[in-house]
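Engineer: Enclosed is the structure file protein.txt (compact mmCIF, C-alpha atoms).
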```txt
# COMPACT_ATOMS: atom_id res chain seq x y z
CA MET A 1 95.09 -43.93 103.30
CA THR A 2 94.95 -41.08 105.87
CA TYR A 3 94.90 -37.43 104.84
CA LEU A 4 95.71 -34.52 107.18
CA ILE A 5 94.37 -31.19 105.92
CA ASP A 6 95.67 -27.94 107.43
CA ARG A 7 92.87 -25.38 107.21
CA ARG A 8 94.62 -22.63 109.15
CA LEU A 9 94.64 -19.26 107.39
CA GLN A 10 98.00 -18.05 106.18
CA GLY A 11 98.96 -14.39 106.35
CA LYS A 12 100.59 -12.34 103.62
CA ASN A 13 104.00 -12.74 105.26
CA LYS A 14 103.84 -16.50 105.43
CA SER A 15 107.50 -16.99 104.60
CA ALA A 16 108.61 -14.53 107.31
CA VAL A 17 106.45 -16.28 109.90
CA ASN A 18 107.81 -19.66 108.88
CA ARG A 19 111.38 -18.37 109.11
CA GLU A 20 110.83 -17.03 112.62
CA ARG A 21 109.29 -20.35 113.64
CA PHE A 22 112.29 -22.19 112.18
CA LEU A 23 114.75 -19.95 114.04
CA ARG A 24 112.92 -20.52 117.32
CA ARG A 25 112.83 -24.29 116.84
CA TYR A 26 116.54 -24.65 116.10
CA LYS A 27 117.78 -21.85 118.33
CA ALA A 28 120.32 -24.02 120.14
CA GLN A 29 121.92 -25.31 116.93
CA ILE A 30 122.02 -21.81 115.45
CA LYS A 31 123.65 -20.33 118.54
CA ASP A 32 126.31 -23.04 118.43
CA ALA A 33 126.94 -22.28 114.76
CA VAL A 34 127.16 -18.53 115.47
CA GLY A 35 129.64 -19.22 118.28
CA ARG A 36 131.82 -21.24 115.92
CA ALA A 37 131.61 -18.49 113.31
CA ILE A 38 132.66 -15.81 115.79
CA LYS A 39 135.81 -17.72 116.69
CA GLY A 40 136.80 -18.02 113.05
CA ARG A 41 136.33 -14.43 111.86
CA SER A 42 137.79 -11.04 112.64
CA ILE A 43 135.87 -8.37 114.49
CA THR A 44 135.83 -6.13 111.45
CA ASP A 45 133.63 -8.70 109.69
CA ILE A 46 131.30 -9.28 112.59
CA GLU A 47 128.47 -7.21 111.14
CA ASN A 48 128.04 -9.54 108.16
CA GLY A 49 125.65 -12.47 107.99
CA GLU A 50 126.67 -16.11 108.25
CA LYS A 51 125.88 -19.43 106.61
CA VAL A 52 124.68 -21.90 109.20
CA SER A 53 124.84 -25.66 108.75
CA ILE A 54 122.44 -27.89 110.69
CA PRO A 55 122.75 -31.71 110.62
CA VAL A 56 119.95 -33.47 108.80
CA LYS A 57 119.11 -35.50 111.88
CA ASP A 58 118.18 -32.28 113.68
CA VAL A 59 115.77 -31.05 110.98
CA SER A 60 113.92 -34.32 110.37
CA GLU A 61 110.14 -33.95 110.46
CA PRO A 62 107.70 -36.42 112.05
CA HIS A 63 105.36 -38.27 109.68
CA PHE A 64 102.36 -40.54 109.96
CA GLY A 65 102.05 -44.01 108.46
CA HIS A 66 100.23 -47.33 108.78
CA ALA A 67 101.71 -50.06 110.94
CA HIS A 68 102.54 -53.38 109.29
CA GLY A 69 101.15 -55.65 111.96
CA GLY A 70 98.52 -58.32 111.39
CA VAL A 71 98.11 -60.67 108.42
CA TRP A 72 98.86 -59.31 104.96
CA GLU A 73 98.10 -60.93 101.61
CA VAL A 74 100.46 -59.69 98.92
CA VAL A 75 100.40 -60.47 95.20
CA ASN A 76 103.78 -59.96 93.48
CA PRO A 77 103.92 -59.79 89.66
CA GLY A 78 106.18 -62.23 87.82
CA ASN A 79 108.84 -61.48 85.16
CA THR A 80 109.94 -62.85 81.81
CA GLU A 81 113.72 -62.18 82.10
CA TYR A 82 115.01 -63.97 85.18
CA GLN A 83 114.70 -67.53 86.43
CA LYS A 84 115.29 -68.93 89.88
CA GLY A 85 119.05 -69.08 90.59
CA ASP A 86 120.09 -66.40 88.08
CA GLN A 87 122.87 -64.03 89.18
CA ILE A 88 122.27 -60.27 88.76
CA ASN A 89 125.22 -57.96 88.03
CA ARG A 90 125.92 -55.06 90.40
CA PRO A 91 124.67 -51.67 89.03
CA ARG A 92 127.47 -49.41 87.75
CA GLY A 93 128.30 -46.13 89.49
CA GLY A 94 127.31 -47.28 92.97
CA GLY A 95 124.29 -44.96 93.02
CA GLY A 96 121.71 -47.64 92.49
CA GLY A 97 119.26 -44.98 91.30
CA SER A 98 118.28 -44.15 94.86
CA GLY A 99 119.16 -40.46 94.61
CA ARG A 100 121.50 -40.64 97.63
CA GLY A 101 125.26 -40.75 97.40
CA ARG A 102 127.27 -43.87 98.25
CA ALA A 103 130.91 -43.94 99.20
CA GLY A 104 132.61 -46.66 97.14
CA ASN A 105 131.07 -50.04 97.82
CA SER A 106 129.57 -48.95 101.12
CA GLU A 107 125.88 -49.67 101.55
CA GLN A 108 125.39 -46.75 104.00
CA THR A 109 123.49 -43.77 102.57
CA THR A 110 124.32 -40.16 103.48
CA GLU A 111 122.62 -36.81 103.09
CA ASP A 112 124.08 -33.31 103.06
CA ASP A 113 123.54 -31.04 106.03
CA PHE A 114 120.84 -28.40 105.82
CA ILE A 115 122.49 -25.03 105.09
CA PHE A 116 120.82 -21.62 105.24
CA GLU A 117 122.06 -18.06 105.63
CA LEU A 118 121.45 -15.77 108.58
CA SER A 119 120.93 -12.12 107.74
CA ARG A 120 123.13 -9.45 109.30
CA GLU A 121 120.45 -8.48 111.81
CA GLU A 122 119.74 -12.10 112.78
CA PHE A 123 123.44 -12.81 113.23
CA MET A 124 123.91 -9.74 115.43
CA ASN A 125 120.84 -10.63 117.49
CA TYR A 126 122.23 -14.07 118.29
CA PHE A 127 125.68 -12.68 119.04
CA PHE A 128 124.39 -10.00 121.43
CA GLU A 129 121.53 -12.03 122.86
CA ASP A 130 123.04 -12.38 126.32
CA LEU A 131 124.44 -8.83 126.42
CA GLU A 132 122.93 -5.45 127.22
CA LEU A 133 124.09 -1.93 127.85
CA PRO A 134 124.39 -1.74 131.63
CA ASN A 135 123.27 1.18 133.79
CA MET A 136 121.65 3.01 130.92
CA VAL A 137 119.64 5.96 132.10
CA LYS A 138 117.71 6.52 128.88
CA THR A 139 117.32 3.09 127.33
CA GLN A 140 113.57 3.41 126.87
CA LEU A 141 113.98 6.66 124.96
CA THR A 142 115.77 4.82 122.19
CA GLN A 143 113.52 1.79 122.03
CA VAL A 144 110.12 3.54 122.15
CA VAL A 145 109.17 6.11 119.54
CA GLU A 146 108.07 9.26 121.31
CA PHE A 147 105.88 11.99 119.83
CA LYS A 148 105.70 15.70 120.49
CA ASN A 149 102.86 18.13 119.72
CA GLN A 150 103.50 20.72 117.06
CA ARG A 151 101.23 23.53 115.86
CA ALA A 152 99.96 23.09 112.32
CA GLY A 153 97.55 25.88 111.38
CA TYR A 154 93.95 26.19 112.58
CA ASN A 155 90.76 24.12 112.61
CA ILE A 156 87.11 25.22 112.54
CA SER A 157 86.32 22.72 115.28
CA GLY A 158 87.96 21.66 118.49
CA THR A 159 87.82 21.88 122.26
CA PRO A 160 87.26 25.21 124.07
CA SER A 161 90.73 25.03 125.58
CA ASN A 162 92.24 25.20 122.08
CA ILE A 163 90.37 28.34 120.93
CA HIS A 164 92.72 30.85 119.37
CA VAL A 165 91.25 34.15 120.60
CA LEU A 166 93.13 36.55 118.34
CA ARG A 167 92.40 34.54 115.21
CA SER A 168 88.73 34.18 116.17
CA LEU A 169 88.31 37.94 116.80
CA ARG A 170 90.03 38.74 113.54
CA GLY A 171 87.62 36.48 111.71
CA ALA A 172 84.63 37.99 113.51
CA LEU A 173 85.74 41.51 112.57
CA GLY A 174 86.10 40.52 108.94
CA ARG A 175 82.65 38.93 108.95
CA ARG A 176 81.01 42.02 110.50
CA ILE A 177 82.67 44.27 107.94
CA ALA A 178 81.61 42.01 105.07
CA VAL A 179 78.03 41.62 106.27
CA GLY A 180 77.37 45.16 107.55
CA GLY A 181 79.40 47.16 105.05
CA PRO A 182 76.65 47.71 102.43
CA SER A 183 74.07 48.50 105.09
CA LYS A 184 76.33 51.12 106.69
CA LYS A 185 76.86 52.83 103.34
CA THR A 186 73.11 52.92 102.71
CA LEU A 187 72.48 54.14 106.25
CA ALA A 188 74.95 56.99 105.81
CA LYS A 189 73.22 58.13 102.59
CA LEU A 190 69.74 57.98 104.16
CA GLU A 191 70.88 59.94 107.22
CA GLU A 192 72.47 62.56 104.95
CA GLU A 193 69.27 62.80 102.91
CA LEU A 194 67.19 63.16 106.07
CA GLU A 195 69.36 66.03 107.27
CA GLU A 196 68.95 67.80 103.95
CA ILE A 197 65.14 67.46 104.10
CA LYS A 198 65.05 68.79 107.63
CA ALA A 199 67.20 71.72 106.54
CA LEU A 200 64.65 72.56 103.84
CA GLY A 201 61.94 72.88 106.53
CA PHE A 202 59.89 69.76 105.90
CA ASP A 203 57.36 68.91 108.62
CA PRO A 204 58.42 65.95 110.86
CA ASP A 205 55.11 64.25 110.06
CA ASP A 206 55.68 64.52 106.35
CA PRO A 207 55.33 61.10 104.68
CA ARG A 208 58.72 61.47 103.03
CA VAL A 209 60.40 62.16 106.38
CA LEU A 210 58.58 59.29 108.04
CA GLU A 211 59.64 56.91 105.25
CA LEU A 212 63.30 57.91 105.63
CA LYS A 213 63.13 57.45 109.41
CA HIS A 214 61.54 54.01 108.92
CA LYS A 215 64.32 52.92 106.55
CA ILE A 216 66.99 54.26 108.89
CA HIS A 217 65.44 52.40 111.83
CA ALA A 218 65.31 49.15 109.82
CA LEU A 219 68.99 49.48 108.90
CA HIS A 220 69.96 50.18 112.50
CA THR A 221 68.03 47.09 113.56
CA ARG A 222 69.76 45.01 110.91
CA LEU A 223 73.21 46.21 111.95
CA LEU A 224 72.50 45.56 115.62
CA ALA A 225 71.37 42.05 114.74
CA ILE A 226 74.84 41.20 113.44
CA PRO A 227 76.46 39.21 116.29
CA PHE A 228 79.78 40.38 117.65
CA ILE A 229 81.11 36.85 117.32
CA ASP A 230 79.51 33.85 115.67
CA PRO A 231 80.34 30.15 115.97
CA ILE A 232 81.51 30.32 112.38
CA ASP A 233 84.21 32.78 113.46
CA LEU A 234 85.80 30.45 116.00
CA ARG A 235 89.20 29.09 115.12
CA TYR A 236 90.99 26.38 117.09
CA SER A 237 94.71 25.77 117.25
CA ASN A 238 95.54 22.63 115.33
CA ARG A 239 98.23 20.44 116.85
CA ILE A 240 99.65 17.33 115.27
CA LYS A 241 101.95 14.69 116.70
CA ILE A 242 105.28 14.21 115.02
CA PRO A 243 107.91 11.61 115.96
CA LYS A 244 110.39 12.98 118.44
CA PRO A 245 113.98 12.42 117.32
CA SER A 246 115.50 9.40 119.01
CA THR A 247 118.00 10.14 121.71
CA ALA A 248 121.42 9.99 120.15
CA ALA A 249 124.65 8.63 121.53
CA VAL A 250 128.22 9.80 121.34
CA MET A 251 131.09 7.38 121.66
CA PHE A 252 134.47 8.74 122.74
CA CYS A 253 137.49 6.67 121.79
CA ILE A 254 140.59 7.55 123.80
CA MET A 255 143.88 5.83 123.03
CA ASP A 256 147.43 6.20 124.28
CA VAL A 257 149.83 6.62 121.35
CA SER A 258 153.02 6.96 123.35
CA GLY A 259 156.15 5.06 122.42
CA SER A 260 155.18 2.07 124.56
CA MET A 261 151.99 1.47 122.53
CA ASP A 262 153.22 -0.59 119.59
CA GLU A 263 151.21 -1.43 116.46
CA SER A 264 149.92 -4.74 117.82
CA ARG A 265 148.44 -3.03 120.88
CA LYS A 266 146.89 -0.32 118.70
CA ASP A 267 145.34 -3.02 116.53
CA THR A 268 143.89 -4.72 119.60
CA ALA A 269 142.42 -1.41 120.80
CA LYS A 270 140.94 -0.79 117.36
CA ARG A 271 139.14 -4.12 117.42
CA PHE A 272 137.66 -3.34 120.82
CA PHE A 273 136.47 0.09 119.65
CA ILE A 274 134.83 -1.41 116.57
CA LEU A 275 133.03 -4.01 118.63
CA LEU A 276 131.75 -1.38 121.05
CA TYR A 277 130.55 0.77 118.14
CA LEU A 278 128.60 -2.13 116.65
CA PHE A 279 127.08 -2.82 120.04
CA LEU A 280 125.88 0.77 120.47
CA LYS A 281 124.65 0.86 116.89
CA ARG A 282 122.03 -1.75 117.74
CA VAL A 283 120.50 0.58 120.34
CA TYR A 284 120.88 4.07 118.88
CA GLU A 285 119.99 5.25 115.39
CA LYS A 286 122.46 8.13 115.50
CA ILE A 287 125.95 7.76 116.92
CA ASP A 288 128.70 10.35 116.84
CA VAL A 289 132.22 9.03 117.25
CA VAL A 290 134.93 11.29 118.68
CA PHE A 291 138.56 10.17 118.50
CA ILE A 292 141.01 11.52 121.06
CA ARG A 293 144.64 10.40 121.00
CA HIS A 294 147.27 11.45 123.48
CA HIS A 295 150.88 11.16 124.51
CA THR A 296 152.16 14.15 126.48
CA ALA A 297 149.44 16.23 124.79
CA ALA A 298 145.96 15.28 123.59
CA ALA A 299 144.25 16.11 120.31
CA GLU A 300 140.94 15.33 118.63
CA VAL A 301 141.65 13.69 115.28
CA ASP A 302 139.87 11.77 112.55
CA GLU A 303 139.77 8.00 112.45
CA ASN A 304 142.67 7.64 110.03
CA ASP A 305 145.03 9.73 112.14
CA PHE A 306 143.73 8.08 115.29
CA PHE A 307 144.96 4.65 114.25
CA HIS A 308 147.73 5.36 111.77
CA SER A 309 149.52 8.56 112.80
CA ARG A 310 153.20 7.93 113.61
CA GLU A 311 153.43 10.70 116.20
CA SER A 312 154.50 9.43 119.62
CA GLY A 313 156.08 10.57 122.87
CA GLY A 314 155.68 10.25 126.62
CA THR A 315 152.41 9.63 128.45
CA VAL A 316 150.20 12.18 130.19
CA VAL A 317 146.72 10.70 130.40
CA SER A 318 145.18 13.73 132.11
CA SER A 319 145.57 15.75 128.90
CA ALA A 320 143.08 13.42 127.19
CA LEU A 321 140.63 13.62 130.10
CA TYR A 322 140.76 17.43 130.09
CA LEU A 323 139.98 17.45 126.37
CA LEU A 324 137.19 14.91 126.86
CA SER A 325 135.55 17.08 129.51
CA LYS A 326 135.83 20.13 127.25
CA VAL A 327 134.23 18.40 124.25
CA ILE A 328 131.33 17.11 126.35
CA SER A 329 130.68 20.59 127.76
CA GLU A 330 130.84 22.35 124.41
CA ARG A 331 129.07 19.91 122.09
CA TYR A 332 127.30 17.15 124.02
CA SER A 333 126.02 18.72 127.21
CA SER A 334 122.38 18.52 126.07
CA GLY A 335 120.16 15.89 127.67
CA ASP A 336 119.53 14.41 124.20
CA TRP A 337 122.95 12.76 124.16
CA ASN A 338 124.06 9.57 125.89
CA SER A 339 127.83 9.63 126.31
CA TYR A 340 129.98 6.48 126.30
CA VAL A 341 133.73 6.49 126.72
CA ALA A 342 136.16 3.71 125.79
CA GLN A 343 139.78 4.23 126.79
CA ALA A 344 142.65 1.97 125.78
CA SER A 345 146.15 2.21 127.20
CA ASP A 346 149.11 0.09 128.21
CA GLY A 347 148.87 1.53 131.74
CA ASP A 348 152.04 3.62 131.66
CA ASN A 349 151.66 7.15 133.03
CA TRP A 350 153.48 9.68 135.14
CA ASP A 351 152.98 8.92 138.83
CA ASN A 352 151.63 12.32 139.81
CA ASP A 353 149.40 12.46 136.75
CA SER A 354 147.52 9.26 137.65
CA VAL A 355 146.22 10.91 140.83
CA LEU A 356 145.07 13.88 138.75
CA CYS A 357 143.27 11.51 136.34
CA LYS A 358 141.31 10.06 139.22
CA GLN A 359 140.20 13.52 140.32
CA ILE A 360 139.12 14.55 136.82
CA LEU A 361 137.12 11.35 136.36
CA THR A 362 135.40 11.61 139.71
CA ASN A 363 134.51 15.29 139.59
CA ALA A 364 134.08 16.22 135.92
CA ILE A 365 133.46 13.18 133.75
CA MET A 366 131.65 10.36 135.52
CA PRO A 367 128.54 12.45 136.45
CA ARG A 368 128.03 13.25 132.75
CA VAL A 369 128.53 9.88 131.04
CA GLN A 370 126.37 6.79 130.92
CA TYR A 371 129.28 4.37 130.88
CA TYR A 372 133.07 4.55 130.99
CA THR A 373 135.15 1.57 129.92
CA TYR A 374 138.87 1.26 130.44
CA VAL A 375 140.89 -1.59 128.94
CA GLU A 376 144.55 -1.99 129.74
CA ILE A 377 146.45 -3.79 127.00
CA THR A 378 149.46 -5.29 128.70
CA ASP A 379 150.86 -8.61 129.87
CA GLY A 380 152.73 -7.08 132.78
CA PRO A 381 151.69 -6.23 136.34
CA PRO A 382 149.16 -3.43 137.00
CA GLN A 383 150.56 0.08 136.68
CA ASN A 384 149.80 3.17 138.77
CA LEU A 385 147.00 4.22 136.40
CA TRP A 386 145.25 0.90 137.00
CA GLU A 387 145.47 1.40 140.77
CA GLN A 388 143.93 4.89 140.62
CA TYR A 389 141.19 3.76 138.21
CA SER A 390 140.36 0.88 140.56
CA GLU A 391 139.37 3.42 143.20
CA VAL A 392 137.06 5.13 140.69
CA ALA A 393 135.41 1.77 139.89
CA THR A 394 134.59 1.20 143.56
CA THR A 395 132.64 4.46 143.82
CA HIS A 396 130.95 4.59 140.39
CA ALA A 397 128.82 1.73 139.12
CA ASN A 398 129.03 3.02 135.54
CA PHE A 399 132.82 2.61 135.42
CA ALA A 400 134.28 -0.72 134.27
CA MET A 401 137.85 -1.83 133.67
CA GLN A 402 139.43 -5.00 132.33
CA LYS A 403 142.82 -6.18 131.16
CA ILE A 404 143.55 -7.51 127.66
CA VAL A 405 146.70 -9.54 127.09
CA THR A 406 146.15 -10.95 123.59
CA PRO A 407 143.58 -10.28 120.85
CA ALA A 408 141.88 -13.52 121.86
CA ASP A 409 140.88 -11.82 125.13
CA ILE A 410 138.78 -9.16 123.39
CA TYR A 411 135.54 -11.15 123.30
CA PRO A 412 135.69 -12.42 126.90
CA VAL A 413 136.56 -8.93 128.15
CA PHE A 414 133.81 -7.35 126.10
CA ARG A 415 131.23 -9.78 127.45
CA GLU A 416 132.47 -9.23 130.98
CA LEU A 417 132.20 -5.47 130.63
CA PHE A 418 128.70 -5.54 129.16
CA LYS A 419 127.14 -8.60 130.74
CA LYS A 420 123.59 -8.38 132.02
CA GLN A 421 123.38 -6.80 135.39
CA PRO A 422 121.54 -8.68 138.19
CA LYS A 423 118.11 -7.23 138.91
```
Before anything else, please render the file you have as structure tokens.

Structural biologist:
Amino acid sequence: MTYLIDRRLQGKNKSAVNRERFLRRYKAQIKDAVGRAIKGRSITDIENGEKVSIPVKDVSEPHFGHAHGGVWEVVNPGNTEYQKGDQINRPRGGGGGSGRGRAGNSEQTTEDDFIFELSREEFMNYFFEDLELPNMVKTQLTQVVEFKNQRAGYNISGTPSNIHVLRSLRGALGRRIAVGGPSKKTLAKLEEELEEIKALGFDPDDPRVLELKHKIHALHTRLLAIPFIDPIDLRYSNRIKIPKPSTAAVMFCIMDVSGSMDESRKDTAKRFFILLYLFLKRVYEKIDVVFIRHHTAAAEVDENDFFHSRESGGTVVSSALYLLSKVISERYSSGDWNSYVAQASDGDNWDNDSVLCKQILTNAIMPRVQYYTYVEITDGPPQNLWEQYSEVATTHANFAMQKIVTPADIYPVFRELFKKQPK
């Protein structure tokens, strides 16, 4: 018999370490299972976990054993029930007591697949593994916790550069008053008494006068010995490091709600917006979402009105871009905000207005956003808006545009828009 003893120390989080090791070992099978799950669920459920099934043959573990070569001498015990030539009935139930299921009279044994559940975070990590936010200017600000110095009172020790002069002088003054106050009162009384004696005509060499002068001199010496400032008076500015708030992101959702945008196209746009929101949520802790809908006029609305309002009309895309530029200037112009824009439309627009949209994007919007995504939901030929936006894409690397024909195109388009950029 051979024994293998594992003497490696196990940490407190042994189960977590073992789970990570398991996920690394069967990464290929898990990614395949996640891919199958994505095809079979809606985007609104994408943030949930998933049960993953792995065939038993893929999770089998190696084991050690003795080979059966050479010459073996075996002693088999006899029995008192059966004789040579007796026929033994087949066991009922087909299980045979082996613990493994049998199908009918088949002699082939089977085992269930190994099933475990991926958490929400693990599922999202596998889904977004080959994606990243492209052309991000401030990615590191959101992934690394930054600290800033903040004043927090005073210390009695520190470096000379941190000495708080006013506080130190105030403390020195208080110390001199506390230490020299009684002596100054006594000195004032002795000097007053000496003046009275001199007024009475006492001789300067009189013992009483000499004693008063000696006491006055001793008090003067004591008061002069009090230092103007002592090391005990020094106070140093105390500064502590506190986490700097993570850079936040704002996501602008712009959608055409004109008469040509039917409910199916709005539903497709909604799915794309949700997927983009989940993607940004993995990078930023705080995300503001601004909904702008437009026909001939644009308005900022809440999410319910954005997707379900029945108002419709013609199409003037520039109205939405003007409102977008205004909102960024008034509320998100600070450098703490990363701005992302997702626009969905069927491509219809007034001819003259498409040229104006190009000018607004180039001059007012693109310099202030990290990424601008335009998806055109249509099965027809490119419209004039697509042609003008194509010129913007050639001059700005942070502008991307794709066409969506059916809801099945959402995932491929999303991956194409946010695929890893070549380094």

Engineer: Considering only C-alpha atoms, state which residue in the set A:Cys253, A:Val405, A:Lys326, A:Val317 is at the smallest distance from A:Val341.

Structural biologist: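 Between A:Cys253, A:Val405, A:Lys326, A:Val317, the residue approaching A:Val341 most closely is A:Cys253.
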
Engineer: With a cut-off of 12 Å, could you pull out the residues of stretch 166-257 of chain A touching stretch 346-369 of chain A and give me the nearest pair of atoms for each, distance in Å to one decimal, using all atoms listed in the file, ordered by chain and ascending number, as CSV?

Structural biologist:
```
residue,atom,partner,partner_atom,distance
A:Ala249,CA,A:Val369,CA,10.3
A:Val250,CA,A:Val369,CA,9.7
A:Met251,CA,A:Val369,CA,10.0
A:Phe252,CA,A:Val369,CA,10.3
A:Met255,CA,A:Asp346,CA,9.3
A:Asp256,CA,A:Asp346,CA,7.5
A:Val257,CA,A:Asp346,CA,9.5
```

Engineer: Show which residues sit within 6 Å of A:Asp233, as a VMD selection string. Count only C-alpha atoms, and ignore same-chain residues fewer than 3 positions away.

Structural biologist: chain A and resid 168 171 to 172 230

Engineer: Would you mind exporting C-alpha atoms of the selected residues as a compact mmCIF listing (two decimals), in the frame of the given file?

Structural biologist:
```txt
# COMPACT_ATOMS: atom_id res chain seq x y z
CA SER A 168 88.73 34.18 116.17
CA GLY A 171 87.62 36.48 111.71
CA ALA A 172 84.63 37.99 113.51
CA ASP A 230 79.51 33.85 115.67
```

Engineer: As a VMD selection string, please: the residues near stretch 156-167 of chain A (cut-off 7 Å, all atoms listed in the file, same-chain neighbours under 6 positions excluded).

Structural biologist: chain A and resid 234 to 237

Engineer: Emit the selected residues as an mmCIF file, in the coordinates of the input, including C-alpha atoms.

Structural biologist:
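After the write, selection-v6.cif holds the following:
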```
data_model
loop_
_atom_site.group_PDB
_atom_site.id
_atom_site.type_symbol
_atom_site.label_atom_id
_atom_site.label_comp_id
_atom_site.auth_asym_id
_atom_site.auth_seq_id
_atom_site.Cartn_x
_atom_site.Cartn_y
_atom_site.Cartn_z
ATOM 1 C CA LEU A 234 85.800 30.450 116.000
ATOM 2 C CA ARG A 235 89.200 29.090 115.120
ATOM 3 C CA TYR A 236 90.990 26.380 117.090
ATOM 4 C CA SER A 237 94.710 25.770 117.250
#
```

Engineer: Which value, in Å to one decimal, gives the distance between atom CA of A:Phe202 and atom CA of A:His214?

Structural biologist: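 Here the two named atoms are 16.1 Å from each other.
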
Engineer: So what do you get for atom CA of A:Asp267 versus atom CA of A:Tyr322, distance-wise?

Structural biologist: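 Atom CA of A:Tyr322 lies at a distance of 25.0 Å from atom CA of A:Asp267.
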